[in-house]
$ cat entry.cif   # mmCIF, C-alpha atoms and all ligand atoms
data_entry
#
loop_
_atom_site.label_atom_id
_atom_site.label_comp_id
_atom_site.auth_asym_id
_atom_site.auth_seq_id
_atom_site.Cartn_x
_atom_site.Cartn_y
_atom_site.Cartn_z
CA MET U 1 0.00 0.00 0.00
CA SER U 2 1.43 3.38 -0.92
CA ASP U 3 0.31 6.86 -0.10
CA SER U 4 0.71 8.78 -3.31
CA LEU U 5 -1.36 11.71 -2.09
CA THR U 6 0.42 14.69 -0.66
CA ARG U 7 -1.21 16.44 2.28
CA ARG U 8 -1.98 19.39 -0.02
CA ASP U 9 -3.66 17.11 -2.57
CA PHE U 10 -5.75 15.56 0.10
CA LEU U 11 -6.82 18.79 1.73
CA GLY U 12 -7.65 20.24 -1.66
CA ALA U 13 -9.75 17.25 -2.55
CA ALA U 14 -11.44 17.27 0.82
CA SER U 15 -12.41 20.93 0.64
CA GLY U 16 -15.73 20.05 -0.98
CA LEU U 17 -16.74 18.17 2.15
CA ALA U 18 -19.09 20.83 3.41
CA ALA U 19 -22.62 19.83 2.59
CA GLY U 20 -24.67 21.95 0.25
CA ALA U 21 -21.95 22.51 -2.34
CA VAL U 22 -23.62 22.36 -5.72
CA LEU U 23 -21.06 21.22 -8.25
CA GLY U 24 -17.65 20.00 -7.25
CA PRO U 25 -14.50 20.54 -9.30
CA ALA U 26 -14.15 18.54 -12.49
CA ILE U 27 -12.32 15.29 -11.91
CA THR U 28 -8.70 15.32 -12.93
CA ALA U 29 -7.37 12.07 -14.27
CA LYS U 30 -4.65 10.50 -12.16
CA ALA U 31 -2.25 8.02 -13.58
CA ALA U 32 -2.64 5.35 -10.95
CA PRO U 33 -5.08 4.69 -8.15
CA ALA U 34 -4.05 6.20 -4.85
CA VAL U 35 -5.12 5.15 -1.40
CA HIS U 36 -5.46 7.02 1.84
CA VAL U 37 -3.31 5.33 4.42
CA ARG U 38 -3.86 7.57 7.39
CA PRO U 39 -6.74 6.07 9.35
CA ALA U 40 -9.63 7.96 10.84
CA ALA U 41 -8.82 9.96 13.91
CA ARG U 42 -12.40 9.48 14.99
CA ASN U 43 -15.35 7.18 14.70
CA ALA U 44 -17.82 8.22 12.01
CA ALA U 45 -20.90 6.94 10.24
CA VAL U 46 -23.03 8.24 7.40
CA ALA U 47 -26.50 7.06 6.41
CA SER U 48 -29.62 7.98 4.53
CA ALA U 49 -31.82 10.50 6.36
CA ASN U 50 -33.99 7.76 7.90
CA GLY U 51 -30.81 6.52 9.56
CA LEU U 52 -30.49 9.19 12.23
CA ARG U 53 -31.19 6.67 15.00
CA ALA U 54 -28.93 4.20 13.21
CA VAL U 55 -25.87 6.47 13.21
CA GLN U 56 -26.54 7.42 16.82
CA LYS U 57 -26.51 3.75 17.72
CA VAL U 58 -23.40 3.13 15.63
CA GLY U 59 -21.63 5.95 17.46
CA GLU U 60 -22.44 4.40 20.83
CA LEU U 61 -21.39 0.92 19.74
CA LEU U 62 -18.11 2.05 18.20
CA GLN U 63 -17.25 3.77 21.45
CA GLN U 64 -17.65 0.38 23.15
CA GLY U 65 -15.26 -1.16 20.65
CA VAL U 66 -17.89 -3.03 18.64
CA ASP U 67 -16.84 -4.07 15.13
CA THR U 68 -17.86 -1.69 12.32
CA LEU U 69 -20.11 -4.18 10.49
CA ASP U 70 -21.80 -5.35 13.66
CA ALA U 71 -22.41 -1.72 14.60
CA ALA U 72 -23.75 -0.82 11.14
CA ILE U 73 -26.18 -3.73 11.20
CA GLU U 74 -27.37 -2.96 14.74
CA GLY U 75 -28.02 0.56 13.43
CA VAL U 76 -30.05 -0.35 10.35
CA LYS U 77 -31.96 -3.03 12.28
CA ILE U 78 -33.75 -0.20 14.08
CA GLN U 79 -35.42 0.70 10.77
CA GLU U 80 -35.90 -2.90 9.70
CA LEU U 81 -37.88 -3.63 12.85
CA ASP U 82 -39.81 -0.36 12.80
CA PRO U 83 -43.29 -0.98 11.35
CA ASP U 84 -43.62 2.73 10.62
CA ASP U 85 -40.72 2.75 8.16
CA THR U 86 -42.51 1.53 5.05
CA SER U 87 -39.31 1.37 3.00
CA VAL U 88 -37.37 -1.24 4.95
CA GLY U 89 -37.88 -4.64 6.58
CA TYR U 90 -41.02 -5.24 8.64
CA GLY U 91 -43.73 -2.86 7.43
CA GLY U 92 -42.06 -2.39 4.06
CA LEU U 93 -44.38 -1.80 1.10
CA PRO U 94 -45.05 -5.03 -0.83
CA ASN U 95 -44.74 -6.06 -4.47
CA GLU U 96 -47.67 -5.93 -6.88
CA HIS U 97 -49.07 -9.16 -5.44
CA GLY U 98 -49.05 -7.81 -1.88
CA VAL U 99 -45.97 -9.77 -0.81
CA VAL U 100 -43.08 -8.01 0.97
CA GLN U 101 -39.77 -8.96 -0.66
CA LEU U 102 -36.64 -7.64 0.99
CA ASP U 103 -33.10 -6.98 -0.33
CA ALA U 104 -29.92 -6.33 1.65
CA SER U 105 -26.15 -6.46 1.31
CA CYS U 106 -23.12 -5.73 3.44
CA MET U 107 -19.33 -5.60 3.31
CA HIS U 108 -16.77 -5.94 6.07
CA GLY U 109 -13.62 -4.03 5.23
CA PRO U 110 -11.06 -5.71 7.54
CA SER U 111 -11.91 -9.25 6.38
CA ARG U 112 -12.72 -8.15 2.81
CA ARG U 113 -15.88 -10.21 2.81
CA ALA U 114 -19.36 -9.55 1.48
CA GLY U 115 -22.85 -10.98 1.85
CA ALA U 116 -26.24 -10.31 0.31
CA VAL U 117 -29.82 -11.52 0.01
CA GLY U 118 -32.40 -10.70 -2.66
CA ALA U 119 -36.18 -11.07 -2.80
CA LEU U 120 -36.21 -12.54 0.71
CA GLU U 121 -39.70 -13.14 2.12
CA GLY U 122 -40.89 -13.55 5.70
CA ILE U 123 -37.75 -12.47 7.60
CA LYS U 124 -37.76 -9.07 9.29
CA THR U 125 -34.01 -8.42 9.27
CA PRO U 126 -32.47 -9.11 5.84
CA SER U 127 -29.31 -7.21 6.81
CA VAL U 128 -28.58 -9.84 9.46
CA VAL U 129 -29.24 -12.65 6.99
CA ALA U 130 -26.80 -10.95 4.59
CA LYS U 131 -24.24 -10.93 7.40
CA TYR U 132 -24.78 -14.66 7.92
CA VAL U 133 -24.13 -15.25 4.21
CA LEU U 134 -20.90 -13.27 4.67
CA LEU U 135 -19.92 -15.18 7.82
CA TYR U 136 -20.90 -18.75 7.06
CA THR U 137 -20.83 -19.40 3.34
CA ASP U 138 -18.38 -19.35 0.49
CA HIS U 139 -20.98 -17.41 -1.51
CA ILE U 140 -21.94 -13.78 -1.63
CA MET U 141 -25.60 -13.72 -2.57
CA LEU U 142 -28.63 -15.90 -1.87
CA VAL U 143 -32.08 -15.11 -3.26
CA GLY U 144 -35.73 -16.01 -2.84
CA GLU U 145 -36.68 -19.37 -1.38
CA GLY U 146 -33.05 -20.41 -0.93
CA ALA U 147 -32.30 -17.28 1.08
CA LYS U 148 -35.33 -17.93 3.28
CA ARG U 149 -34.41 -21.58 3.92
CA PHE U 150 -30.88 -20.45 4.74
CA ALA U 151 -32.22 -17.94 7.28
CA LEU U 152 -34.62 -20.44 8.85
CA SER U 153 -31.77 -22.89 9.30
CA TYR U 154 -30.09 -20.37 11.61
CA GLY U 155 -33.21 -19.86 13.69
CA PHE U 156 -34.59 -16.71 12.05
CA LYS U 157 -38.37 -16.70 12.51
CA GLU U 158 -40.71 -16.59 9.55
CA GLU U 159 -43.29 -13.84 10.05
CA ASP U 160 -45.92 -11.94 8.11
CA LEU U 161 -44.13 -8.72 7.20
CA LEU U 162 -47.16 -6.96 5.78
CA THR U 163 -48.41 -4.55 8.45
CA ASP U 164 -51.97 -3.24 8.34
CA ARG U 165 -50.63 0.13 7.27
CA ALA U 166 -48.66 -1.31 4.36
CA ARG U 167 -51.56 -3.58 3.40
CA GLU U 168 -53.94 -0.63 3.31
CA ARG U 169 -51.60 1.32 1.06
CA TRP U 170 -51.20 -1.69 -1.22
CA LEU U 171 -54.97 -2.17 -1.44
CA HIS U 172 -55.46 1.46 -2.35
CA TRP U 173 -52.75 1.25 -4.99
CA ARG U 174 -54.39 -1.85 -6.44
CA ALA U 175 -57.78 -0.20 -6.51
CA ASN U 176 -56.44 2.72 -8.52
CA ARG U 177 -54.16 0.95 -10.97
CA GLY U 178 -56.06 2.00 -14.07
CA PRO U 179 -59.40 2.30 -15.81
CA ASP U 180 -59.20 -1.21 -17.32
CA ASP U 181 -58.47 -3.18 -14.17
CA ASP U 182 -61.08 -5.20 -12.28
CA TRP U 183 -61.08 -2.98 -9.21
CA ILE U 184 -63.46 -0.18 -8.34
CA ASP U 185 -61.51 3.06 -8.17
CA VAL U 186 -61.00 4.82 -4.84
CA PRO U 187 -61.21 8.62 -5.16
CA ARG U 188 -57.89 10.41 -5.02
CA GLU U 189 -59.16 13.00 -2.57
CA GLU U 190 -59.38 10.27 0.02
CA GLN U 191 -55.58 10.48 0.03
CA MET U 192 -55.21 6.80 -0.59
CA VAL U 193 -52.69 6.89 -3.40
CA VAL U 194 -49.05 6.58 -2.49
CA GLU U 195 -46.76 9.18 -4.04
CA GLU U 196 -43.39 8.15 -2.61
CA ARG U 197 -42.49 4.67 -3.84
CA HIS U 198 -38.82 4.47 -2.94
CA GLY U 199 -37.09 4.03 0.37
CA THR U 200 -34.09 2.26 1.84
CA ILE U 201 -31.48 2.64 4.54
CA ASN U 202 -27.78 2.66 3.79
CA CYS U 203 -25.15 3.03 6.52
CA ASN U 204 -21.37 3.35 6.10
CA VAL U 205 -19.09 3.21 9.12
CA VAL U 206 -15.44 3.85 9.94
CA ASN U 207 -13.84 3.50 13.36
CA ALA U 208 -10.87 5.33 14.80
CA ASN U 209 -8.55 2.53 13.66
CA GLY U 210 -9.66 3.09 10.09
CA ASP U 211 -11.64 -0.11 9.76
CA ILE U 212 -14.66 0.30 7.51
CA SER U 213 -17.96 -1.47 6.78
CA SER U 214 -21.19 -0.79 4.95
CA VAL U 215 -24.74 -2.12 4.77
CA THR U 216 -27.87 -1.37 2.76
CA THR U 217 -31.32 -2.83 3.39
CA THR U 218 -34.66 -2.19 1.72
CA SER U 219 -38.09 -3.43 0.78
CA GLY U 220 -37.26 -2.06 -2.67
CA LEU U 221 -39.61 -0.41 -5.04
CA ALA U 222 -43.21 -0.56 -3.85
CA TRP U 223 -45.60 -2.49 -6.14
CA LYS U 224 -42.63 -3.94 -8.03
CA ILE U 225 -42.93 -6.91 -10.35
CA PRO U 226 -42.43 -9.95 -8.08
CA GLY U 227 -38.81 -11.01 -8.22
CA ARG U 228 -37.53 -7.54 -9.10
CA VAL U 229 -34.24 -6.92 -7.33
CA GLY U 230 -32.88 -3.39 -7.08
CA ASP U 231 -29.45 -1.99 -6.37
CA SER U 232 -29.48 -2.50 -2.59
CA PRO U 233 -28.38 -6.16 -2.51
CA LEU U 234 -25.82 -5.74 -5.28
CA ILE U 235 -22.24 -5.40 -4.09
CA GLY U 236 -20.79 -2.32 -5.78
CA ALA U 237 -24.17 -0.73 -6.42
CA GLY U 238 -26.19 -0.56 -3.18
CA GLN U 239 -23.07 -0.38 -1.05
CA TYR U 240 -19.34 -0.98 -1.26
CA THR U 241 -16.38 -0.94 1.13
CA ASP U 242 -12.66 -0.88 0.46
CA ASN U 243 -10.85 -0.93 3.78
CA ASP U 244 -7.96 1.07 2.26
CA VAL U 245 -10.19 3.89 1.05
CA GLY U 246 -13.73 4.20 2.39
CA ALA U 247 -17.30 3.09 1.87
CA ALA U 248 -20.32 4.32 -0.03
CA GLY U 249 -23.94 3.40 -0.54
CA SER U 250 -27.13 4.54 -2.14
CA THR U 251 -30.88 5.07 -1.95
CA GLY U 252 -33.28 6.04 -4.71
CA ARG U 253 -33.91 4.61 -8.17
CA GLY U 254 -31.96 1.37 -8.09
CA GLU U 255 -32.09 0.75 -11.82
CA ALA U 256 -30.14 3.99 -12.42
CA ASN U 257 -27.51 3.05 -9.87
CA ILE U 258 -26.99 -0.52 -11.09
CA LYS U 259 -25.87 0.70 -14.52
CA VAL U 260 -22.96 2.67 -13.06
CA CYS U 261 -22.03 0.41 -10.11
CA GLY U 262 -22.43 3.59 -8.13
CA ALA U 263 -21.15 2.63 -4.68
CA PHE U 264 -18.02 1.09 -6.18
CA LEU U 265 -17.53 4.10 -8.44
CA THR U 266 -17.86 6.51 -5.52
CA VAL U 267 -15.21 4.61 -3.58
CA GLU U 268 -12.97 4.65 -6.66
CA PHE U 269 -13.36 8.44 -6.93
CA MET U 270 -12.35 8.72 -3.27
CA ARG U 271 -9.36 6.49 -4.00
CA ARG U 272 -8.24 9.10 -6.52
CA GLY U 273 -8.39 11.76 -3.84
CA MET U 274 -11.88 13.20 -4.09
CA SER U 275 -13.75 14.10 -0.93
CA PRO U 276 -16.78 11.93 -0.10
CA THR U 277 -19.15 14.68 -1.24
CA ASP U 278 -17.33 15.33 -4.50
CA ALA U 279 -17.08 11.61 -5.19
CA ALA U 280 -20.82 11.20 -4.68
CA LEU U 281 -21.54 14.13 -7.01
CA GLU U 282 -19.22 12.76 -9.66
CA THR U 283 -21.02 9.42 -9.55
CA LEU U 284 -24.33 11.22 -9.98
CA ARG U 285 -22.97 12.98 -13.07
CA ARG U 286 -22.16 9.53 -14.47
CA VAL U 287 -25.73 8.48 -13.68
CA VAL U 288 -27.07 11.46 -15.63
CA ALA U 289 -24.80 10.59 -18.55
CA THR U 290 -26.11 7.02 -18.65
CA THR U 291 -29.80 7.86 -18.30
CA GLU U 292 -31.91 7.00 -21.32
CA PRO U 293 -33.96 9.82 -22.91
CA ARG U 294 -37.35 8.45 -21.79
CA LEU U 295 -36.33 9.14 -18.20
CA LYS U 296 -35.15 12.71 -18.77
CA ASP U 297 -37.02 16.02 -18.80
CA GLU U 298 -36.81 18.62 -21.58
CA GLN U 299 -33.57 19.97 -20.10
CA GLY U 300 -31.93 16.55 -20.07
CA ARG U 301 -32.26 16.09 -16.31
CA PRO U 302 -33.37 12.75 -14.82
CA ARG U 303 -37.00 12.63 -13.73
CA PHE U 304 -36.04 10.41 -10.78
CA ASP U 305 -33.84 10.94 -7.75
CA LEU U 306 -30.84 9.02 -6.51
CA ASN U 307 -28.64 9.63 -3.46
CA PHE U 308 -25.15 8.56 -2.48
CA TYR U 309 -23.59 8.62 0.98
CA ALA U 310 -19.87 8.15 1.54
CA VAL U 311 -17.23 8.06 4.25
CA ASN U 312 -13.48 7.86 3.82
CA LYS U 313 -10.85 6.16 5.92
CA ARG U 314 -10.15 9.42 7.73
CA GLY U 315 -13.69 9.71 8.99
CA GLU U 316 -14.78 12.44 6.58
CA PHE U 317 -18.24 11.97 5.17
CA GLY U 318 -20.71 13.46 2.74
CA GLY U 319 -23.88 12.87 0.79
CA ALA U 320 -25.30 14.00 -2.52
CA ALA U 321 -28.55 13.77 -4.45
CA ILE U 322 -29.54 14.48 -8.04
CA TRP U 323 -32.20 16.92 -6.87
CA SER U 324 -32.08 19.48 -4.05
CA HIS U 325 -35.60 18.73 -2.79
CA ARG U 326 -38.07 15.87 -2.76
CA GLU U 327 -40.59 16.14 -5.55
CA SER U 328 -44.15 16.71 -4.42
CA ASP U 329 -47.35 18.46 -5.45
CA ASP U 330 -47.65 19.53 -1.84
CA PRO U 331 -45.27 22.43 -0.99
CA VAL U 332 -45.04 21.21 2.62
CA GLU U 333 -43.57 17.91 1.45
CA ARG U 334 -40.91 19.57 -0.69
CA THR U 335 -38.29 19.00 1.94
CA ILE U 336 -34.61 19.42 1.22
CA ARG U 337 -32.62 16.23 0.67
CA GLN U 338 -30.63 15.35 3.76
CA TYR U 339 -28.51 12.57 5.13
CA ALA U 340 -27.66 11.45 8.66
CA ALA U 341 -24.17 11.25 10.10
CA PHE U 342 -22.35 10.57 13.33
CA ASN U 343 -19.43 13.00 13.30
CA GLY U 344 -17.45 11.53 16.18
CA GLU U 345 -19.44 13.42 18.78
CA THR U 346 -23.06 13.72 17.78
CA ALA U 347 -25.54 12.30 15.32
CA GLN U 348 -27.31 14.85 13.16
CA LEU U 349 -28.87 15.55 9.78
CA TYR U 350 -26.89 17.38 7.09
CA ASP U 351 -28.15 18.92 3.85
CA SER U 352 -27.10 16.89 0.83
CA ALA U 353 -25.08 18.37 -2.00
CA TYR U 354 -26.97 18.13 -5.28
CA LEU U 355 -26.74 18.48 -9.03
CA TYR U 356 -29.99 20.31 -9.77
CA GLU U 357 -32.05 22.81 -7.82
CA ARG U 358 -35.71 21.88 -7.60
CA TYR U 359 -38.31 24.59 -6.92
CA PRO U 360 -35.72 27.42 -7.10
CA GLU U 361 -38.36 30.06 -7.82
CA SER U 362 -40.49 29.12 -4.81
CA GLY U 363 -37.53 29.37 -2.47
CA GLN U 364 -38.50 26.06 -0.87
N1 LIG J 1 -32.75 1.68 -4.13
C1 LIG J 1 -33.89 0.90 -3.76
C2 LIG J 1 -34.27 0.02 -4.90
O1 LIG J 1 -34.20 0.44 -6.05
C3 LIG J 1 -35.09 1.68 -3.39
C4 LIG J 1 -34.87 3.00 -2.74
O2 LIG J 1 -33.81 3.30 -2.23
O3 LIG J 1 -35.78 3.80 -2.72
O4 LIG J 1 -34.69 -1.08 -4.65
#

$ encode --input "entry.cif" --output "C-alpha cells"
Amino acid sequence: MSDSLTRRDFLGAASGLAAGAVLGPAITAKAAPAVHVRPAARNAAVASANGLRAVQKVGELLQQGVDTLDAAIEGVKIQELDPDDTSVGYGGLPNEHGVVQLDASCMHGPSRRAGAVGALEGIKTPSVVAKYVLLYTDHIMLVGEGAKRFALSYGFKEEDLLTDRARERWLHWRANRGPDDDWIDVPREEQMVVEERHGTINCNVVNANGDISSVTTTSGLAWKIPGRVGDSPLIGAGQYTDNDVGAAGSTGRGEANIKVCGAFLTVEFMRRGMSPTDAALETLRRVVATTEPRLKDEQGRPRFDLNFYAVNKRGEFGGAAIWSHRESDDPVERTIRQYAAFNGETAQLYDSAYLYERYPESGQ
C-alpha cells in the first residue's frame, strides 16, 4: 500500500466536504489509483436521512469497541424492525401481489468479505441474513426461497411482514391501478394513493482505527414486479467498502444506480483523492450521462432521484442527491434532501449536495 497523495492534494480534494456545495471541481485524471493510508482519527458513520437513529446507535457501539459491520447492522436493524418505516424490513411496502420482498447487502472491510440476500420473504431483518451469508458461506448472494431456507436454518423466525398500514396502502394502490383493471376506483381526494415509492437505509461506518464497513437494506420499489431486485443487494451498487479507502452506498432509483455500479464508483473516486461529497456528485454525473432519454425532462435532467452517501478512511463523510428537494405536489412535502451522520461526537442531519435545484423560484 502506498500513499501517493500529498497532504496538499488531500486537503484540496477534501475541501468540498461541506454539505450543500452544488457542483464540485471537475475530476482530474490521475495516472494510478491512490489510497489514503492515514486512518480515521475518529469514529464516524453516514446514512440515509432515515438513519439518524442508526448512526446514533453506531456511534455508541463504536465507542464500546464493537466491530464496524456489527455496529452498522445494529443501526439499520432499528429501521428494519420499525413498522412505521414503510421502505425497509417489517412494514415495508409489498410487491404488486401484496408480498413483501426484501433486499440487503453488506461488506466488512477488515476481512474483505461480502454478503447479500435478494427477494427474501418472511424475515424481518435481511441485513442480518446478509451478514450470515458473509460469515458462514463461500458465496456472496442468496435469493428467494433459498435465502429464506438459509435464514430459517439459523433460527430466524418466519413472520408476516405486511403490516396493516402497508396492506392498506397496497390495497389502495391496487384499486387505482387504471381504468381497465377489475377494481373499483377509490377517489384520489381520500388520500389513498401513495406518491413516494422508494425508500431504503444505507449506513457506512469507519472507526478510529480506520476499519470500515457498509450495509444497505430495503423493501425495494413498492408495487414492483415480483422477483424484481434493485441496487441495494448488489455489491458495488447498493453499497461498497474498500478498507484502504472508504465506503459508499445509495438510496433512490436502483435501476439507475446498477448501470454505473455507483457505490463502487464513488469509492474509486475517493481512491483518486476526491472528498466523499465530490465523489458522490461525480457518480451522480455519471448516472445522468447514462440515463436514457425516456427518463429525462426537456432539459436533459433525470426525472427520478438518486442519493449517495460516503465516508473515507479518515472519517470524513458526505452525501449528494440528483435533486435538491423531494418532488411533491404539496409544498409542505418539498423538503430538502438530507442525510444522517455521526461525526465523532453527535448524530445529526446534514443537507445533501446536489446536481440540480428543484423549486428554485419558490424558495422552498
Ligand atoms: N434503491 C432501492 C431500490 O431500487 C429503493 C430505494 O432506495 O428507494 O430497490

$ closest_residue --input "entry.cif" --among "U:Glu282, U:Asp103, U:Glu168, U:Asp182" --to "ligand LIG 1 (chain J)" --atoms "all atoms listed in the file"
U:Asp103

$ residues_near_ligand --input "entry.cif" --ligand "ligand LIG 1 (chain J)" --cutoff "9 Å" --atoms "all atoms listed in the file" --output "PDB file with C-alpha atoms, in the frame of the given file"
ATOM      1  CA  SER U  87     -39.310   1.370   3.000  1.00  0.00           C
ATOM      2  CA  LEU U 102     -36.640  -7.640   0.990  1.00  0.00           C
ATOM      3  CA  ASP U 103     -33.100  -6.980  -0.330  1.00  0.00           C
ATOM      4  CA  GLU U 196     -43.390   8.150  -2.610  1.00  0.00           C
ATOM      5  CA  ARG U 197     -42.490   4.670  -3.840  1.00  0.00           C
ATOM      6  CA  HIS U 198     -38.820   4.470  -2.940  1.00  0.00           C
ATOM      7  CA  GLY U 199     -37.090   4.030   0.370  1.00  0.00           C
ATOM      8  CA  THR U 200     -34.090   2.260   1.840  1.00  0.00           C
ATOM      9  CA  ILE U 201     -31.480   2.640   4.540  1.00  0.00           C
ATOM     10  CA  ASN U 202     -27.780   2.660   3.790  1.00  0.00           C
ATOM     11  CA  THR U 216     -27.870  -1.370   2.760  1.00  0.00           C
ATOM     12  CA  THR U 217     -31.320  -2.830   3.390  1.00  0.00           C
ATOM     13  CA  THR U 218     -34.660  -2.190   1.720  1.00  0.00           C
ATOM     14  CA  SER U 219     -38.090  -3.430   0.780  1.00  0.00           C
ATOM     15  CA  GLY U 220     -37.260  -2.060  -2.670  1.00  0.00           C
ATOM     16  CA  LEU U 221     -39.610  -0.410  -5.040  1.00  0.00           C
ATOM     17  CA  ALA U 222     -43.210  -0.560  -3.850  1.00  0.00           C
ATOM     18  CA  ARG U 228     -37.530  -7.540  -9.100  1.00  0.00           C
ATOM     19  CA  VAL U 229     -34.240  -6.920  -7.330  1.00  0.00           C
ATOM     20  CA  GLY U 230     -32.880  -3.390  -7.080  1.00  0.00           C
ATOM     21  CA  ASP U 231     -29.450  -1.990  -6.370  1.00  0.00           C
ATOM     22  CA  SER U 232     -29.480  -2.500  -2.590  1.00  0.00           C
ATOM     23  CA  PRO U 233     -28.380  -6.160  -2.510  1.00  0.00           C
ATOM     24  CA  GLY U 238     -26.190  -0.560  -3.180  1.00  0.00           C
ATOM     25  CA  SER U 250     -27.130   4.540  -2.140  1.00  0.00           C
ATOM     26  CA  THR U 251     -30.880   5.070  -1.950  1.00  0.00           C
ATOM     27  CA  GLY U 252     -33.280   6.040  -4.710  1.00  0.00           C
ATOM     28  CA  ARG U 253     -33.910   4.610  -8.170  1.00  0.00           C
ATOM     29  CA  GLY U 254     -31.960   1.370  -8.090  1.00  0.00           C
ATOM     30  CA  GLU U 255     -32.090   0.750 -11.820  1.00  0.00           C
ATOM     31  CA  ALA U 256     -30.140   3.990 -12.420  1.00  0.00           C
ATOM     32  CA  ASN U 257     -27.510   3.050  -9.870  1.00  0.00           C
ATOM     33  CA  ILE U 258     -26.990  -0.520 -11.090  1.00  0.00           C
ATOM     34  CA  ASP U 305     -33.840  10.940  -7.750  1.00  0.00           C
ATOM     35  CA  LEU U 306     -30.840   9.020  -6.510  1.00  0.00           C
ATOM     36  CA  ASN U 307     -28.640   9.630  -3.460  1.00  0.00           C
TER      37      ASN U 307
END

$ closest_residue --input "entry.cif" --among "U:Arg303, U:Arg314, U:Lys148, U:His108" --to "Arg326 in chain U" --atoms "only C-alpha atoms"
U:Arg303

$ residues_near_point --input "entry.cif" --point "(-15.0, -1.2, 8.7)" --cutoff "12 Å" --atoms "only C-alpha atoms" --output "ChimeraX atom specification"
/U:39-40,43-45,58,62,65-73,106-114,203-215,240-248,311-315

$ write_last_selection --input "entry.cif" --atoms "C-alpha atoms" --output "compact mmCIF listing (two decimals), in the frame of the given file"
# COMPACT_ATOMS: atom_id res chain seq x y z
CA PRO U 39 -6.74 6.07 9.35
CA ALA U 40 -9.63 7.96 10.84
CA ASN U 43 -15.35 7.18 14.70
CA ALA U 44 -17.82 8.22 12.01
CA ALA U 45 -20.90 6.94 10.24
CA VAL U 58 -23.40 3.13 15.63
CA LEU U 62 -18.11 2.05 18.20
CA GLY U 65 -15.26 -1.16 20.65
CA VAL U 66 -17.89 -3.03 18.64
CA ASP U 67 -16.84 -4.07 15.13
CA THR U 68 -17.86 -1.69 12.32
CA LEU U 69 -20.11 -4.18 10.49
CA ASP U 70 -21.80 -5.35 13.66
CA ALA U 71 -22.41 -1.72 14.60
CA ALA U 72 -23.75 -0.82 11.14
CA ILE U 73 -26.18 -3.73 11.20
CA CYS U 106 -23.12 -5.73 3.44
CA MET U 107 -19.33 -5.60 3.31
CA HIS U 108 -16.77 -5.94 6.07
CA GLY U 109 -13.62 -4.03 5.23
CA PRO U 110 -11.06 -5.71 7.54
CA SER U 111 -11.91 -9.25 6.38
CA ARG U 112 -12.72 -8.15 2.81
CA ARG U 113 -15.88 -10.21 2.81
CA ALA U 114 -19.36 -9.55 1.48
CA CYS U 203 -25.15 3.03 6.52
CA ASN U 204 -21.37 3.35 6.10
CA VAL U 205 -19.09 3.21 9.12
CA VAL U 206 -15.44 3.85 9.94
CA ASN U 207 -13.84 3.50 13.36
CA ALA U 208 -10.87 5.33 14.80
CA ASN U 209 -8.55 2.53 13.66
CA GLY U 210 -9.66 3.09 10.09
CA ASP U 211 -11.64 -0.11 9.76
CA ILE U 212 -14.66 0.30 7.51
CA SER U 213 -17.96 -1.47 6.78
CA SER U 214 -21.19 -0.79 4.95
CA VAL U 215 -24.74 -2.12 4.77
CA TYR U 240 -19.34 -0.98 -1.26
CA THR U 241 -16.38 -0.94 1.13
CA ASP U 242 -12.66 -0.88 0.46
CA ASN U 243 -10.85 -0.93 3.78
CA ASP U 244 -7.96 1.07 2.26
CA VAL U 245 -10.19 3.89 1.05
CA GLY U 246 -13.73 4.20 2.39
CA ALA U 247 -17.30 3.09 1.87
CA ALA U 248 -20.32 4.32 -0.03
CA VAL U 311 -17.23 8.06 4.25
CA ASN U 312 -13.48 7.86 3.82
CA LYS U 313 -10.85 6.16 5.92
CA ARG U 314 -10.15 9.42 7.73
CA GLY U 315 -13.69 9.71 8.99

$ closest_residue --input "entry.cif" --among "U:Ile322, U:Met270, U:Ile336, U:Leu120" --to "Tyr350 in chain U" --atoms "all atoms listed in the file"
U:Ile336

$ decode --input "entry.cif" --residues "range 345-355 of chain U" --atoms "N, CA and C atoms" --output "short mmCIF file (atom, residue, chain, number, x, y, z; two decimals), in the first residue's frame"
data_model
loop_
_atom_site.label_atom_id
_atom_site.label_comp_id
_atom_site.auth_asym_id
_atom_site.auth_seq_id
_atom_site.Cartn_x
_atom_site.Cartn_y
_atom_site.Cartn_z
N GLU U 345 -18.89 12.93 17.51
CA GLU U 345 -19.44 13.42 18.78
C GLU U 345 -20.95 13.29 18.83
N THR U 346 -21.60 13.77 17.77
CA THR U 346 -23.06 13.72 17.78
C THR U 346 -23.59 13.17 16.46
N ALA U 347 -24.84 12.74 16.53
CA ALA U 347 -25.54 12.30 15.32
C ALA U 347 -26.48 13.42 14.89
N GLN U 348 -26.43 13.78 13.62
CA GLN U 348 -27.31 14.85 13.16
C GLN U 348 -27.58 14.74 11.67
N LEU U 349 -28.55 15.53 11.20
CA LEU U 349 -28.87 15.55 9.78
C LEU U 349 -28.07 16.66 9.11
N TYR U 350 -27.62 16.40 7.90
CA TYR U 350 -26.89 17.38 7.09
C TYR U 350 -27.62 17.55 5.76
N ASP U 351 -27.57 18.74 5.19
CA ASP U 351 -28.15 18.92 3.85
C ASP U 351 -27.25 18.25 2.82
N SER U 352 -27.87 17.55 1.88
CA SER U 352 -27.10 16.89 0.83
C SER U 352 -26.61 17.92 -0.19
N ALA U 353 -25.47 17.65 -0.78
CA ALA U 353 -25.08 18.37 -2.00
C ALA U 353 -26.00 17.86 -3.12
N TYR U 354 -26.04 18.56 -4.22
CA TYR U 354 -26.97 18.13 -5.28
C TYR U 354 -26.50 18.65 -6.64
N LEU U 355 -27.06 18.04 -7.67
CA LEU U 355 -26.74 18.48 -9.03
C LEU U 355 -27.70 19.56 -9.51
#
